[in-house]
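**Student:** For reference, the structure I am asking about is given below.
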Amino acid sequence: MKRGQALKVLLFCLISAFFILLVCSRSSPLYVFNNWDDANSYFTVGKGLMNGLLPYRDLYDQKGPYLYLVYGLAWLLSHRTFAGVFLLETVSLTAFLYYSFRIMRLYAGRTACLALTPVLGAVVCTSEAFYWGGSAEEIFLPLLAMGLYDCLDYMRTSADHPTSSVNSLRGDSREPLDIRLTGEVNGSVLPPAGMVFRNALAAGILMQVKYTWLGFYLAFAFVFSLKLLSMGQGKKIIRYFFIFVGGMLLSMVPWLLFFGVRGGLHDWYSVYVYDNVFLYSHLSQKEGLTDALHRLIRLMYWQLRDDPGYYVPLFIGLFGALIEKGQGAIERLAPWWLFLFTFLGIFYAGGSLPYYCLTLSVFAPVGMGYVGKAVGTVTRGKLRGKIPIAVLIPALSAVLSLAVSFSVTPNRDFMRETRDSFFLFSFADTVNEDPDATLLNVNCLDAGLYTLTGIIPDCRYFQTNTLGVPVIEEGQKRYVKEGKTEYIIARDALPYTVPEFYEEVDSADYPTNGVDHTYILYRKR
C-alpha cells in the first residue's frame, strides 16, 4: 500500500474508532466514569508504577507489567479520570482496524474492505466480550492482528512461488505484496527476518501482559516451520528460532533491568508466574481429556450464542480458507492452527470470563474478507459510474455502524449516570476533605475510589484480589486491625469485625452485573 493511501485508511480507521468508542466504552467522555473494577485496578497499579512503587512487591496484582505501563501512561495524561485510557483505547482500536483492513484486502477489493472496517469495529465494541472498555484484550489486540496479517500475507502470496511472480498472484483487485521478501531458495520465498522479528517482539510483550496469549505464537511458529519443511528448508528453522527467541528476550530486557535493579525479580516471578499458573488458572487441577474437550466445546457454544457478531465471520473465515482455490494444504489450515492454538491457550486452563473471548475477534476480518469478496463478485460493474462508491459506501457504512453501536452497546444504560447519581463521587468528596487521606479497598477488586480521589495506596494488598490467596485476606485484616488507613471502602460488609475506631460515614446500594451490592465507606474516628 502506498504511503498516501495508507494514511487515508489510517485516518478513516481513526475516525471510526473514535466515534464507536465514544458510545461503547465507559472510558469515554460520554460516561461519568468507568466503574469496571479490573480497569481501575490496572489504573491504580499503573499510577503506583509512575510514582515509584514496584508492582507485585509494593502493590499486589497478577497481570503483566506492560499492561501497568500502558495504564501508567494513561494516568500521566489524566490523573483522576479515564480520559487517558480512552485516548489509548482509540489508538489501539485504530491500529486494530487498520490491520483488519489489510487482512480483508488479502481477499477483497478496497471499497468493500473500507466499508466493512467500521462494521468490524462496531461488532467488536458492542460485543459482550468488549465489556466496559479498557481490558487488556482490547488494548493489545492490534499486536495479534499484526501477527495474523503477516502470517496470512506471507502464506497466501509468497509460498512456493518465485519472487518475480509474487505480486501477480492477487489479480487486479488487490494491492501489491506489502512485506519485504528477503530471500529466495529454489524459486520459493523465505519468510522475511524482519517480519519474524517484529512478531517475536510482539510475542514477548504479550507474554508480559497475559502469557495465555502465547498460544497464538506457538501456532505462528508451527505454521512457518511446516512451510519451511515443505520448501526443503528445515535447517533454516533453527535460524528463525533464534530470531524469534531473541526478539522475545529483547522485549523482556527492560523489565529484567527494572525489577533486577530494584530487587523485585522474585516478586515478579512469584506473583505473575507462580500465582497465575498455580492459583489463578486450573492447570494444577486434574481434568481428563474427555472432560476438558466437553468443557471447551460447551464454552465455544456459549461464546457463539453470546457474541455471534464476530464468531460468525470467524467461522466463515475458517471454512472459507478450507475451500478456497489456489491454496495448498498448509495455507488452507493456517487460520485453523492459529485459531485453535489461541483458543486452547486462553481457555484450556479453565478461564472463562466474558472479556477473555475478545481476543478471538482478531480472526473475524478473515471471514469479512470472504464476504467482501463475494459481494464484490456479485456487484462488479453494476454500480460503476453511477455513484462515487469508493467514498459514499464506506462513509455510509461508518455512519450506520455508529448508529448501530449506540443502539446495541450493552453500556448505554450507564450513560444515564451522572456525578450526582453515581455513589463513588459522594464517597470521593468525603475522602478528599482530608488532603492527606489514605485508603483501603476491601471485599472486592478496586471499586474506583483510588482513581477518583487520586490516592496512591500505601498497602501492598490494596484490594481484595480474586485469587483467593489466604495471605491477601490476612494482610487486609491486619491493616484494618491496626488502623493503617484513614478510610476503608468495603463491598457488602467487612468479612471481619470492624474495630471500634472506625465509623461508617456513608453507604450506597448499587447493582453490578445484575447483582445487588452495598458499598460502605468507613473513616477512622
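Simple scheme: letters A, B, ... for chains in C-alpha cells order, numbers from 1 for residues in each chain, numbers from 1 for ligands in the order shown.
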Write out as a compact mmCIF listing (two decimals) with C-alpha atoms, in the first residue's frame all residues of range 101-324 of chain A that DSSP puts in alpha helix (DSSP H) for this structure's backbone.
**Tutor:**
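Writing the result to states24.txt gives the following:
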```txt
# COMPACT_ATOMS: atom_id res chain seq x y z
CA PHE A 101 -8.45 -3.74 6.77
CA ARG A 102 -5.18 -5.14 5.48
CA ILE A 103 -6.27 -8.67 6.34
CA MET A 104 -9.52 -8.17 4.44
CA ARG A 105 -7.58 -6.74 1.48
CA ARG A 110 -10.51 -1.79 -1.42
CA THR A 111 -14.02 -0.29 -1.33
CA ALA A 112 -15.62 -3.39 0.18
CA CYS A 113 -12.88 -3.61 2.82
CA LEU A 114 -13.22 0.06 3.75
CA ALA A 115 -16.97 -0.40 4.12
CA LEU A 116 -16.52 -3.46 6.33
CA THR A 117 -13.89 -1.83 8.58
CA PRO A 118 -16.29 0.27 10.73
CA VAL A 119 -18.71 -2.67 10.74
CA LEU A 120 -15.98 -4.76 12.35
CA GLY A 121 -15.33 -2.00 14.88
CA ALA A 122 -19.00 -1.91 15.82
CA VAL A 123 -19.20 -5.70 16.05
CA VAL A 124 -16.20 -5.87 18.39
CA CYS A 125 -17.11 -2.92 20.62
CA ALA A 136 -6.01 -5.95 28.32
CA GLU A 137 -7.55 -7.90 25.43
CA GLU A 138 -8.81 -4.71 23.83
CA ILE A 139 -5.65 -2.67 24.26
CA PHE A 140 -3.23 -5.29 22.92
CA LEU A 141 -5.43 -6.75 20.17
CA PRO A 142 -3.51 -4.86 17.42
CA LEU A 143 -0.37 -6.92 18.07
CA LEU A 144 -2.25 -10.14 17.38
CA ALA A 145 -3.87 -8.56 14.31
CA MET A 146 -0.42 -7.65 13.01
CA GLY A 147 0.74 -11.23 13.51
CA LEU A 148 -2.32 -12.65 11.75
CA TYR A 149 -1.85 -10.27 8.83
CA ASP A 150 1.84 -11.08 8.49
CA CYS A 151 1.21 -14.82 8.59
CA LEU A 152 -1.67 -14.82 6.10
CA ASP A 153 0.04 -12.31 3.83
CA TYR A 154 3.10 -14.49 3.56
CA MET A 155 1.21 -17.77 3.27
CA ARG A 156 -1.20 -16.54 0.61
CA THR A 157 1.13 -14.64 -1.64
CA ALA A 193 13.52 -11.99 9.00
CA GLY A 194 12.21 -8.53 9.90
CA MET A 195 8.63 -9.75 9.89
CA VAL A 196 9.52 -12.69 12.14
CA PHE A 197 11.45 -10.41 14.48
CA ARG A 198 8.68 -7.83 14.94
CA ASN A 199 6.23 -10.59 15.77
CA ALA A 200 8.74 -12.01 18.24
CA LEU A 201 8.83 -8.60 19.94
CA ALA A 202 5.03 -8.63 20.00
CA ALA A 203 5.02 -12.13 21.48
CA GLY A 204 7.40 -11.03 24.21
CA ILE A 205 5.27 -8.02 25.04
CA LEU A 206 2.08 -10.08 25.16
CA MET A 207 3.81 -12.68 27.31
CA LEU A 214 1.29 -17.28 23.61
CA GLY A 215 -0.89 -19.99 22.05
CA PHE A 216 -1.22 -17.73 19.00
CA TYR A 217 2.54 -17.50 18.59
CA LEU A 218 3.04 -21.23 19.08
CA ALA A 219 0.76 -21.69 16.07
CA PHE A 220 2.59 -18.88 14.25
CA ALA A 221 5.91 -20.71 14.71
CA PHE A 222 4.35 -24.08 13.91
CA VAL A 223 2.84 -22.90 10.61
CA PHE A 224 6.06 -21.25 9.47
CA SER A 225 8.04 -24.36 10.42
CA LEU A 226 5.70 -26.51 8.32
CA LYS A 227 6.17 -24.09 5.42
CA LEU A 228 9.94 -24.24 5.66
CA LEU A 229 9.87 -28.04 5.80
CA SER A 230 7.65 -28.13 2.71
CA LYS A 236 16.58 -22.71 8.49
CA ILE A 237 14.06 -23.35 11.25
CA ILE A 238 16.97 -23.08 13.69
CA ARG A 239 17.85 -19.65 12.33
CA TYR A 240 14.28 -18.39 12.68
CA PHE A 241 14.04 -19.96 16.12
CA PHE A 242 16.93 -17.84 17.36
CA ILE A 243 15.46 -14.73 15.71
CA PHE A 244 12.16 -15.34 17.45
CA VAL A 245 13.61 -16.15 20.85
CA GLY A 246 15.94 -13.16 20.56
CA GLY A 247 13.02 -10.84 19.85
CA MET A 248 11.04 -12.18 22.79
CA LEU A 249 14.00 -11.84 25.15
CA LEU A 250 14.66 -8.30 23.92
CA SER A 251 11.14 -7.27 24.93
CA MET A 252 11.81 -8.65 28.41
CA VAL A 253 15.12 -6.85 28.94
CA PRO A 254 13.60 -3.57 30.21
CA TRP A 255 11.68 -5.41 32.92
CA LEU A 256 14.60 -7.64 33.86
CA LEU A 257 16.63 -4.49 34.43
CA PHE A 258 13.78 -2.62 36.14
CA PHE A 259 12.94 -5.37 38.62
CA GLY A 260 16.53 -6.56 38.94
CA VAL A 261 17.95 -3.18 39.91
CA LEU A 265 12.71 -10.17 40.42
CA HIS A 266 11.43 -12.70 42.95
CA ASP A 267 8.17 -10.78 43.45
CA TRP A 268 7.73 -10.51 39.67
CA LEU A 289 -9.14 -35.20 28.23
CA THR A 290 -12.80 -36.06 27.61
CA ASP A 291 -13.98 -33.69 30.33
CA ALA A 292 -11.73 -30.92 29.05
CA LEU A 293 -12.95 -31.40 25.47
CA HIS A 294 -16.57 -31.35 26.60
CA ARG A 295 -15.99 -28.19 28.62
CA LEU A 296 -14.27 -26.40 25.74
CA ILE A 297 -16.99 -27.32 23.23
CA ARG A 298 -19.67 -26.04 25.60
CA LEU A 299 -17.66 -22.88 26.15
CA MET A 300 -17.34 -22.27 22.42
CA TYR A 301 -21.08 -22.77 22.00
CA TRP A 302 -21.80 -20.22 24.76
CA GLN A 303 -19.43 -17.74 23.15
CA LEU A 304 -21.09 -18.20 19.74
CA ARG A 305 -24.51 -17.74 21.34
CA ASP A 306 -23.50 -14.60 23.25
CA PRO A 308 -22.37 -14.12 17.12
CA GLY A 309 -21.28 -10.76 15.67
CA TYR A 310 -17.63 -11.74 15.45
CA TYR A 311 -17.94 -15.52 15.88
CA VAL A 312 -19.97 -15.97 12.66
CA PRO A 313 -17.39 -14.22 10.42
CA LEU A 314 -14.70 -16.08 12.36
CA PHE A 315 -16.14 -19.42 11.23
CA ILE A 316 -16.83 -18.09 7.73
CA GLY A 317 -13.13 -17.33 7.53
CA LEU A 318 -12.06 -20.73 8.81
CA PHE A 319 -14.28 -22.69 6.43
CA GLY A 320 -13.64 -20.28 3.58
CA ALA A 321 -9.92 -20.98 3.89
CA LEU A 322 -10.58 -24.72 3.55
CA ILE A 323 -12.44 -24.44 0.24
```
**Student:** Mind checking which residues fall within 12 Å of Asn51 in chain A, counting only C-alpha atoms, ignoring those fewer than 6 positions away in the same chain, and posting them as a PyMOL selection string?
**Tutor:** chain A and resi 44-45+58-59+69+72-73+75-76+79+454-458
**Student:** Which residues of range 367-420 of chain A sit at most 7 Å from range 10-21 of chain A, using only C-alpha atoms? Give each one's shortest atom pair and distance in Å (one decimal place), in chain and ascending residue order, as CSV.
**Tutor:**
```
residue,atom,partner,partner_atom,distance
A:Ala398,CA,A:Ser16,CA,6.4
A:Leu402,CA,A:Ile20,CA,5.6
A:Ser405,CA,A:Ile20,CA,6.4
```
**Student:** Keeping only N, CA and C atoms, write those residues as an mmCIF file, in the first residue's frame.
**Tutor:**
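The resulting file, out16.cif, is shown below:
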```cif
data_model
loop_
_atom_site.group_PDB
_atom_site.id
_atom_site.type_symbol
_atom_site.label_atom_id
_atom_site.label_comp_id
_atom_site.auth_asym_id
_atom_site.auth_seq_id
_atom_site.Cartn_x
_atom_site.Cartn_y
_atom_site.Cartn_z
ATOM 1 N N ALA A 398 -19.836 3.741 7.811
ATOM 2 C CA ALA A 398 -19.345 4.293 9.081
ATOM 3 C C ALA A 398 -20.484 4.910 9.885
ATOM 4 N N LEU A 402 -21.956 3.472 13.493
ATOM 5 C CA LEU A 402 -22.048 4.291 14.702
ATOM 6 C C LEU A 402 -23.462 4.232 15.270
ATOM 7 N N SER A 405 -23.977 0.921 16.866
ATOM 8 C CA SER A 405 -23.192 0.856 18.102
ATOM 9 C C SER A 405 -23.932 1.531 19.248
#
```
**Student:** Which of these residues is nearest to Leu106 in chain A, using only C-alpha atoms: A:Val366, A:Glu503, A:Ile472, A:Tyr479?
**Tutor:**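 Of the candidates, the smallest distance to Leu106 in chain A is held by A:Val366.
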**Student:** For the atom pair CA of Ala390 in chain A and CA of Gln5 in chain A, what is the interatomic distance in Å to one decimal place?
**Tutor:**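 So the two atoms, CA of Ala390 in chain A and CA of Gln5 in chain A, lie 12.7 Å apart.
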**Student:** What is the distance, in Å and to one decimal place, between CA of Leu279 in chain A and CA of Leu53 in chain A?
**Tutor:**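 We find that CA of Leu279 in chain A and CA of Leu53 in chain A lie 24.2 Å from each other.
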**Student:** Under the rule that only C-alpha atoms are counted, which of A:Ala508, A:Ala490, A:Leu353, A:Ala108 is the nearest residue to Tyr370 in chain A?
**Tutor:**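 Residue with the minimum atom-to-atom distance to Tyr370 in chain A: A:Ala108.
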**Student:** Between CA of Leu521 in chain A and CA of Val480 in chain A, what is the distance in Å, rounded to a tenth?
**Tutor:**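 For CA of Leu521 in chain A relative to CA of Val480 in chain A, the distance reads 13.1 Å.
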